[in-house]
Amino acid sequence: MSGTSVEDLKPGDHACLTFSDNDERLDIVAAFVRDGLRLGEKVLCLTEAVSQTALADELAGRGLGVASATRSGQLQVGASGQFFTPQGSFDPASTIDSLQEQIDLAHRDGYGGLRVTGDMCWALRPVNGVAGLMEYESRLTRLLAGQNATAACQYDRQCFDTVTMASAADAHGMNVTAVTYHDDAMLRICRQYVPTGVRVAGEIDYRAIEPLTLALSEALALDDHLDVNLTRLRFMDTSTAGVIVQTAFGLTGEQTMTVRCTPISAQVLAALGLQGLARVTMTTVRHDD
């Protein structure tokens, strides 16, 4: 299964969207929704792990025009369980028929196509018919081929077993995940899509300067505004903090930068002179957990 960026998805694509944590999932889903709204497509966003209200709030918090898109009918946020198991059980053929109806409806309503993403965690519940999940995924790949519709099915690597993940990979045409610069048990550095920038989670020190520098350098080259998301970073040494400060000095033209971090990280960055730099905003967050 080939890998691709969420931003490169096009009509006819059926992607397996995999993620490591909820923040990463929401970021990729937001990019998927954003692109659909920009292209004038009907967007159906199905959620299970978080409530419909919470998902809508997350999308709105990332700058998407959720309220207006919902009022116009271009964006629909629904419950995965209700869509996939409307009668309490799962029927692959019936679900495929429902998606074809959604594709036809989007066309009749004058949209440029249909874009649908579904949180597949509903399949972790004891649901009758869930054994047909991979049959459904294979049929969806065939359904989308040649149609003006795009689908991204969300699979949580922390919840689904390796056999299911492998089967899902085989049933989809491609894999979508965040562009990753470093990923191990202690640290993950990846591209952030909405807002654009870099996300760093875990613990980082001088040994990860190279991937951090690469991630920030590519963001400098790509983005007018860099969002450096350190909200899930538990530890950062002065060497890596220095890379972030140096990135701020590398802003050109009208580029701006926001650094979101915990109070501990903020202290390290402030000591190196980040706070108060022109075109740089630093905000702190606290986690109850």
# chains A, B, ... in the order shown; residues from 1 in each chain; ligands from 1
>>> select_by_dssp(residues="range 112-189 of chain A", states="strand (DSSP E or B)", output="CSV table (one decimal) with all heavy atoms, in the first residue's frame")
chain,number,residue,atom,x,y,z
A,114,LEU,N,-18.1,14.3,-3.4
A,114,LEU,CA,-18.3,13.9,-2.0
A,114,LEU,C,-17.0,13.5,-1.4
A,114,LEU,O,-16.2,12.8,-2.0
A,114,LEU,CB,-19.2,12.7,-1.9
A,114,LEU,CG,-19.5,12.2,-0.5
A,114,LEU,CD1,-20.3,13.2,0.3
A,114,LEU,CD2,-20.1,10.8,-0.5
A,115,ARG,N,-16.8,14.0,-0.2
A,115,ARG,CA,-15.6,13.7,0.6
A,115,ARG,C,-16.1,13.1,1.9
A,115,ARG,O,-16.8,13.8,2.6
A,115,ARG,CB,-14.7,14.9,0.7
A,115,ARG,CG,-13.4,14.7,1.5
A,115,ARG,CD,-12.5,15.9,1.4
A,115,ARG,NE,-11.9,16.0,0.1
A,115,ARG,CZ,-10.6,16.1,-0.2
A,115,ARG,NH1,-9.8,16.2,0.8
A,115,ARG,NH2,-10.2,16.2,-1.4
A,116,VAL,N,-15.7,11.9,2.2
A,116,VAL,CA,-16.2,11.3,3.5
A,116,VAL,C,-15.1,10.7,4.3
A,116,VAL,O,-14.2,10.1,3.7
A,116,VAL,CB,-17.3,10.2,3.1
A,116,VAL,CG1,-16.7,9.1,2.2
A,116,VAL,CG2,-17.8,9.5,4.4
A,117,THR,N,-15.1,10.9,5.6
A,117,THR,CA,-14.1,10.3,6.5
A,117,THR,C,-14.8,9.7,7.6
A,117,THR,O,-15.7,10.4,8.2
A,117,THR,CB,-13.0,11.3,6.9
A,117,THR,OG1,-12.1,10.6,7.7
A,117,THR,CG2,-13.6,12.5,7.6
A,118,GLY,N,-14.5,8.5,8.0
A,118,GLY,CA,-15.2,7.9,9.1
A,118,GLY,C,-14.2,7.3,10.1
A,118,GLY,O,-13.2,6.6,9.8
A,119,ASP,N,-14.5,7.6,11.4
A,119,ASP,CA,-13.8,7.0,12.5
A,119,ASP,C,-14.3,5.5,12.7
A,119,ASP,O,-15.4,5.3,13.0
A,119,ASP,CB,-14.1,7.8,13.8
A,119,ASP,CG,-13.4,7.2,15.0
A,119,ASP,OD1,-12.7,6.2,15.0
A,119,ASP,OD2,-13.5,7.9,16.1
A,128,ASN,N,-22.8,-7.1,15.6
A,128,ASN,CA,-23.1,-8.2,14.7
A,128,ASN,C,-22.8,-7.7,13.3
A,128,ASN,O,-23.1,-6.7,12.8
A,128,ASN,CB,-24.6,-8.5,14.8
A,128,ASN,CG,-24.9,-9.7,14.0
A,128,ASN,OD1,-24.2,-10.7,13.9
A,128,ASN,ND2,-26.1,-9.7,13.3
A,149,ALA,N,-15.6,11.1,-5.8
A,149,ALA,CA,-15.7,10.9,-4.4
A,149,ALA,C,-14.4,10.4,-3.8
A,149,ALA,O,-13.7,9.7,-4.5
A,149,ALA,CB,-16.9,9.9,-4.0
A,150,THR,N,-14.1,10.8,-2.6
A,150,THR,CA,-12.9,10.5,-1.9
A,150,THR,C,-13.2,10.0,-0.5
A,150,THR,O,-14.1,10.6,0.2
A,150,THR,CB,-12.0,11.7,-1.8
A,150,THR,OG1,-11.9,12.4,-3.0
A,150,THR,CG2,-10.6,11.3,-1.3
A,151,ALA,N,-12.6,9.0,0.0
A,151,ALA,CA,-12.9,8.4,1.3
A,151,ALA,C,-11.5,8.2,2.1
A,151,ALA,O,-10.5,7.8,1.5
A,151,ALA,CB,-13.6,7.1,1.3
A,152,ALA,N,-11.6,8.5,3.4
A,152,ALA,CA,-10.5,8.3,4.3
A,152,ALA,C,-11.0,7.6,5.5
A,152,ALA,O,-11.7,8.2,6.3
A,152,ALA,CB,-9.7,9.6,4.6
A,153,CYS,N,-10.6,6.4,5.7
A,153,CYS,CA,-11.1,5.6,6.9
A,153,CYS,C,-10.1,5.7,8.0
A,153,CYS,O,-8.9,5.3,7.8
A,153,CYS,CB,-11.4,4.2,6.5
A,153,CYS,SG,-12.6,4.0,5.1
A,154,GLN,N,-10.5,6.1,9.2
A,154,GLN,CA,-9.6,6.3,10.3
A,154,GLN,C,-9.4,5.1,11.1
A,154,GLN,O,-10.3,4.6,11.7
A,154,GLN,CB,-10.1,7.5,11.1
A,154,GLN,CG,-10.4,8.7,10.4
A,154,GLN,CD,-11.3,9.7,11.2
A,154,GLN,OE1,-11.2,9.7,12.4
A,154,GLN,NE2,-12.2,10.4,10.5
A,155,TYR,N,-8.1,4.6,11.2
A,155,TYR,CA,-7.8,3.5,12.1
A,155,TYR,C,-6.7,3.9,13.1
A,155,TYR,O,-5.7,4.3,12.7
A,155,TYR,CB,-7.3,2.3,11.2
A,155,TYR,CG,-8.4,1.6,10.5
A,155,TYR,CD1,-8.8,2.0,9.2
A,155,TYR,CD2,-8.9,0.4,11.0
A,155,TYR,CE1,-9.8,1.3,8.5
A,155,TYR,CE2,-9.9,-0.3,10.3
A,155,TYR,CZ,-10.4,0.2,9.1
A,155,TYR,OH,-11.4,-0.5,8.4
A,156,ASP,N,-7.1,3.7,14.3
A,156,ASP,CA,-6.2,4.1,15.4
A,156,ASP,C,-5.2,2.9,15.7
A,156,ASP,O,-5.6,1.8,16.1
A,156,ASP,CB,-7.0,4.3,16.7
A,156,ASP,CG,-6.2,4.9,17.9
A,156,ASP,OD1,-5.0,4.8,17.8
A,156,ASP,OD2,-6.8,5.4,18.8
A,174,MET,N,-4.3,3.2,-0.5
A,174,MET,CA,-3.2,4.0,-0.1
A,174,MET,C,-3.3,4.2,1.4
A,174,MET,O,-4.3,4.0,2.0
A,174,MET,CB,-3.1,5.3,-0.8
A,174,MET,CG,-4.3,6.2,-0.6
A,174,MET,SD,-4.3,7.6,-1.7
A,174,MET,CE,-4.3,6.8,-3.3
A,175,ASN,N,-2.2,4.6,2.0
A,175,ASN,CA,-2.1,5.0,3.4
A,175,ASN,C,-1.9,6.5,3.6
A,175,ASN,O,-1.1,7.0,2.9
A,175,ASN,CB,-1.0,4.2,4.1
A,175,ASN,CG,-0.9,4.5,5.6
A,175,ASN,OD1,-1.9,4.3,6.3
A,175,ASN,ND2,0.2,5.0,6.0
A,176,VAL,N,-2.6,7.1,4.5
A,176,VAL,CA,-2.4,8.5,4.8
A,176,VAL,C,-2.0,8.6,6.3
A,176,VAL,O,-2.7,8.0,7.2
A,176,VAL,CB,-3.7,9.3,4.6
A,176,VAL,CG1,-3.6,10.7,5.2
A,176,VAL,CG2,-3.9,9.5,3.1
A,180,THR,N,6.4,12.2,8.8
A,180,THR,CA,7.1,12.0,10.1
A,180,THR,C,8.6,12.1,9.9
A,180,THR,O,9.2,11.5,9.0
A,180,THR,CB,6.7,10.6,10.6
A,180,THR,OG1,5.3,10.5,10.8
A,180,THR,CG2,7.3,10.4,12.0
A,181,TYR,N,9.2,12.9,10.8
A,181,TYR,CA,10.6,13.1,10.8
A,181,TYR,C,11.4,12.2,11.8
A,181,TYR,O,12.6,11.9,11.6
A,181,TYR,CB,10.9,14.6,11.0
A,181,TYR,CG,10.3,15.5,10.0
A,181,TYR,CD1,9.0,16.0,10.2
A,181,TYR,CD2,10.9,15.8,8.8
A,181,TYR,CE1,8.4,16.8,9.3
A,181,TYR,CE2,10.3,16.6,7.8
A,181,TYR,CZ,9.1,17.1,8.1
A,181,TYR,OH,8.5,17.9,7.1
A,182,HIS,N,10.7,11.9,12.9
A,182,HIS,CA,11.3,11.0,13.9
A,182,HIS,C,10.1,10.3,14.6
A,182,HIS,O,9.1,11.0,15.0
A,182,HIS,CB,12.1,11.8,14.9
A,182,HIS,CG,12.8,11.0,15.9
A,182,HIS,ND1,14.1,10.5,15.8
A,182,HIS,CD2,12.4,10.5,17.1
A,182,HIS,CE1,14.4,9.8,16.8
A,182,HIS,NE2,13.4,9.8,17.7
A,183,ASP,N,10.3,9.0,14.9
A,183,ASP,CA,9.2,8.3,15.6
A,183,ASP,C,9.8,7.1,16.3
A,183,ASP,O,10.3,6.2,15.7
A,183,ASP,CB,8.1,7.9,14.6
A,183,ASP,CG,6.9,7.2,15.3
A,183,ASP,OD1,6.8,7.5,16.5
A,183,ASP,OD2,6.1,6.5,14.6
A,187,LEU,N,9.8,9.8,21.4
A,187,LEU,CA,9.6,11.1,20.7
A,187,LEU,C,9.0,10.9,19.3
A,187,LEU,O,9.3,9.9,18.6
A,187,LEU,CB,11.0,11.7,20.5
A,187,LEU,CG,11.1,13.0,19.6
A,187,LEU,CD1,10.4,14.1,20.3
A,187,LEU,CD2,12.6,13.3,19.3
A,188,ARG,N,8.1,11.8,19.0
A,188,ARG,CA,7.5,11.9,17.6
A,188,ARG,C,7.6,13.3,17.1
A,188,ARG,O,7.1,14.2,17.8
A,188,ARG,CB,6.1,11.3,17.6
A,188,ARG,CG,5.4,11.3,16.2
A,188,ARG,CD,4.1,10.5,16.3
A,188,ARG,NE,3.4,10.5,15.0
A,188,ARG,CZ,3.6,9.7,14.0
A,188,ARG,NH1,4.5,8.8,14.1
A,188,ARG,NH2,2.9,9.8,12.9
A,189,ILE,N,8.2,13.5,16.0
A,189,ILE,CA,8.2,14.8,15.3
A,189,ILE,C,7.5,14.6,13.9
A,189,ILE,O,7.9,13.8,13.1
A,189,ILE,CB,9.7,15.3,15.0
A,189,ILE,CG1,10.4,15.3,16.4
A,189,ILE,CG2,9.7,16.7,14.4
A,189,ILE,CD1,11.9,15.6,16.2
>>> residues_around(residues="Thr70 in chain A", least_positions_apart="5", cutoff="10 Å", atoms="only C-alpha atoms", output="list in words")
Val43, Ala56, Gly65, Leu75, Gln76 and Val77 of chain A
>>> select_by_dssp(residues="range 102-264 of chain A", states="alpha helix (DSSP H)", output="MDAnalysis selection string")
chainID A and resid 102:108 133:144 162:171 209:222 238:249 263:264
>>> closest_residue(among="A:Thr213, A:Gln102, A:Asn229, A:Gln267", to="Gln192 in chain A", atoms="only C-alpha atoms")
A:Asn229
>>> residues_around(residues="Val50 in chain A", least_positions_apart="4", cutoff="12 Å", atoms="only C-alpha atoms", output="compact mmCIF listing (two decimals) with N, CA, C and O atoms, in the first residue's frame")
# COMPACT_ATOMS: atom_id res chain seq x y z
N ASN A 22 -4.89 11.09 19.43
CA ASN A 22 -6.07 11.82 19.00
C ASN A 22 -5.73 13.17 18.40
O ASN A 22 -6.38 13.63 17.45
N ASP A 23 -4.71 13.86 18.93
CA ASP A 23 -4.34 15.16 18.37
C ASP A 23 -3.91 15.02 16.92
O ASP A 23 -4.26 15.84 16.07
N ARG A 25 -4.76 12.60 14.84
CA ARG A 25 -5.95 12.27 14.04
C ARG A 25 -6.75 13.51 13.70
O ARG A 25 -7.12 13.73 12.54
N LEU A 26 -7.02 14.35 14.70
CA LEU A 26 -7.81 15.55 14.47
C LEU A 26 -7.14 16.49 13.49
O LEU A 26 -7.80 17.14 12.67
N CYS A 45 -18.39 13.89 7.69
CA CYS A 45 -17.37 13.58 8.69
C CYS A 45 -18.02 12.79 9.83
O CYS A 45 -18.86 13.32 10.56
N LEU A 46 -17.65 11.50 9.95
CA LEU A 46 -18.26 10.60 10.91
C LEU A 46 -17.31 10.35 12.08
O LEU A 46 -16.14 10.02 11.87
N ALA A 54 -17.88 17.91 20.01
CA ALA A 54 -16.46 18.10 20.26
C ALA A 54 -15.68 18.15 18.95
O ALA A 54 -14.75 18.96 18.81
N LEU A 55 -16.02 17.29 18.00
CA LEU A 55 -15.32 17.30 16.72
C LEU A 55 -15.56 18.61 15.99
O LEU A 55 -14.63 19.21 15.44
N ALA A 56 -16.82 19.06 15.96
CA ALA A 56 -17.13 20.34 15.30
C ALA A 56 -16.35 21.48 15.95
O ALA A 56 -15.83 22.37 15.26
N ASP A 57 -16.24 21.46 17.27
CA ASP A 57 -15.49 22.50 17.98
C ASP A 57 -14.00 22.44 17.63
O ASP A 57 -13.35 23.47 17.47
N GLU A 58 -13.46 21.21 17.51
CA GLU A 58 -12.06 21.06 17.15
C GLU A 58 -11.79 21.62 15.75
O GLU A 58 -10.79 22.30 15.51
N VAL A 77 -21.51 16.62 10.16
CA VAL A 77 -20.80 15.85 11.17
C VAL A 77 -21.78 14.88 11.79
O VAL A 77 -22.80 15.30 12.34
N GLY A 78 -21.50 13.59 11.69
CA GLY A 78 -22.42 12.59 12.19
C GLY A 78 -21.71 11.54 13.04
O GLY A 78 -20.49 11.57 13.21
N ALA A 79 -22.49 10.61 13.56
CA ALA A 79 -21.96 9.54 14.39
C ALA A 79 -21.66 8.31 13.54
O ALA A 79 -22.51 7.86 12.77
N SER A 80 -20.44 7.80 13.65
CA SER A 80 -20.06 6.61 12.87
C SER A 80 -20.97 5.44 13.16
O SER A 80 -21.39 4.72 12.25
N GLY A 81 -21.29 5.22 14.43
CA GLY A 81 -22.13 4.09 14.80
C GLY A 81 -23.49 4.13 14.13
O GLY A 81 -23.99 3.11 13.64
N GLY A 118 -14.47 8.53 8.03
CA GLY A 118 -15.17 7.85 9.12
C GLY A 118 -14.22 7.29 10.15
O GLY A 118 -13.21 6.64 9.80
N ASP A 119 -14.51 7.55 11.41
CA ASP A 119 -13.78 6.96 12.53
C ASP A 119 -14.26 5.52 12.67
O ASP A 119 -15.42 5.26 13.00
N MET A 120 -13.34 4.58 12.44
CA MET A 120 -13.72 3.17 12.40
C MET A 120 -13.70 2.50 13.78
O MET A 120 -13.88 1.28 13.87
N CYS A 121 -13.55 3.27 14.84
CA CYS A 121 -13.53 2.68 16.19
C CYS A 121 -14.86 2.05 16.58
O CYS A 121 -14.92 1.29 17.55
N TRP A 122 -15.92 2.35 15.83
CA TRP A 122 -17.20 1.69 16.10
C TRP A 122 -17.04 0.17 15.97
O TRP A 122 -17.76 -0.60 16.63
>>> closest_residue(among="A:Ile96, A:Glu210, A:Phe90, A:Asp13", to="Val130 in chain A", atoms="only C-alpha atoms")
A:Phe90
>>> atom_distance(atom1="CA of Phe32 in chain A", atom2="CA of Asp184 in chain A")
25.8 Å
>>> residues_around(residues="Ala185 in chain A", least_positions_apart="4", cutoff="12 Å", atoms="only C-alpha atoms", output="PDB file with all heavy atoms, in the first residue's frame")
ATOM      1  N   SER A  20      -1.327   8.017  15.586  1.00  0.00           N
ATOM      2  CA  SER A  20      -0.778   7.538  16.854  1.00  0.00           C
ATOM      3  C   SER A  20      -1.532   8.040  18.068  1.00  0.00           C
ATOM      4  O   SER A  20      -1.517   7.402  19.114  1.00  0.00           O
ATOM      5  CB  SER A  20       0.702   7.944  16.969  1.00  0.00           C
ATOM      6  OG  SER A  20       1.468   7.329  15.963  1.00  0.00           O
ATOM      7  N   ILE A 189       8.173  13.485  15.952  1.00  0.00           N
ATOM      8  CA  ILE A 189       8.213  14.789  15.278  1.00  0.00           C
ATOM      9  C   ILE A 189       7.527  14.607  13.932  1.00  0.00           C
ATOM     10  O   ILE A 189       7.931  13.771  13.121  1.00  0.00           O
ATOM     11  CB  ILE A 189       9.653  15.271  15.048  1.00  0.00           C
ATOM     12  CG1 ILE A 189      10.434  15.320  16.360  1.00  0.00           C
ATOM     13  CG2 ILE A 189       9.653  16.651  14.385  1.00  0.00           C
ATOM     14  CD1 ILE A 189      11.921  15.623  16.178  1.00  0.00           C
ATOM     15  N   ALA A 201       6.090  15.710  20.119  1.00  0.00           N
ATOM     16  CA  ALA A 201       5.474  15.109  21.305  1.00  0.00           C
ATOM     17  C   ALA A 201       6.438  14.130  21.957  1.00  0.00           C
ATOM     18  O   ALA A 201       7.194  13.434  21.269  1.00  0.00           O
ATOM     19  CB  ALA A 201       4.171  14.390  20.925  1.00  0.00           C
ATOM     20  N   GLY A 202       6.423  14.094  23.291  1.00  0.00           N
ATOM     21  CA  GLY A 202       7.271  13.157  24.026  1.00  0.00           C
ATOM     22  C   GLY A 202       8.389  13.864  24.753  1.00  0.00           C
ATOM     23  O   GLY A 202       8.171  14.828  25.489  1.00  0.00           O
ATOM     24  N   GLU A 203       9.617  13.399  24.546  1.00  0.00           N
ATOM     25  CA  GLU A 203      10.794  13.977  25.178  1.00  0.00           C
ATOM     26  C   GLU A 203      11.885  14.145  24.131  1.00  0.00           C
ATOM     27  O   GLU A 203      12.161  13.214  23.367  1.00  0.00           O
ATOM     28  CB  GLU A 203      11.301  13.073  26.317  1.00  0.00           C
ATOM     29  CG  GLU A 203      10.267  12.855  27.414  1.00  0.00           C
ATOM     30  CD  GLU A 203      10.755  11.935  28.518  1.00  0.00           C
ATOM     31  OE1 GLU A 203      11.945  11.549  28.471  1.00  0.00           O
ATOM     32  OE2 GLU A 203       9.960  11.617  29.420  1.00  0.00           O
ATOM     33  N   ILE A 204      12.519  15.330  24.094  1.00  0.00           N
ATOM     34  CA  ILE A 204      13.503  15.612  23.058  1.00  0.00           C
ATOM     35  C   ILE A 204      14.774  16.206  23.666  1.00  0.00           C
ATOM     36  O   ILE A 204      14.705  17.013  24.603  1.00  0.00           O
ATOM     37  CB  ILE A 204      12.914  16.563  21.988  1.00  0.00           C
ATOM     38  CG1 ILE A 204      13.868  16.725  20.811  1.00  0.00           C
ATOM     39  CG2 ILE A 204      12.542  17.917  22.586  1.00  0.00           C
ATOM     40  CD1 ILE A 204      13.242  17.420  19.609  1.00  0.00           C
TER      41      ILE A 204
END
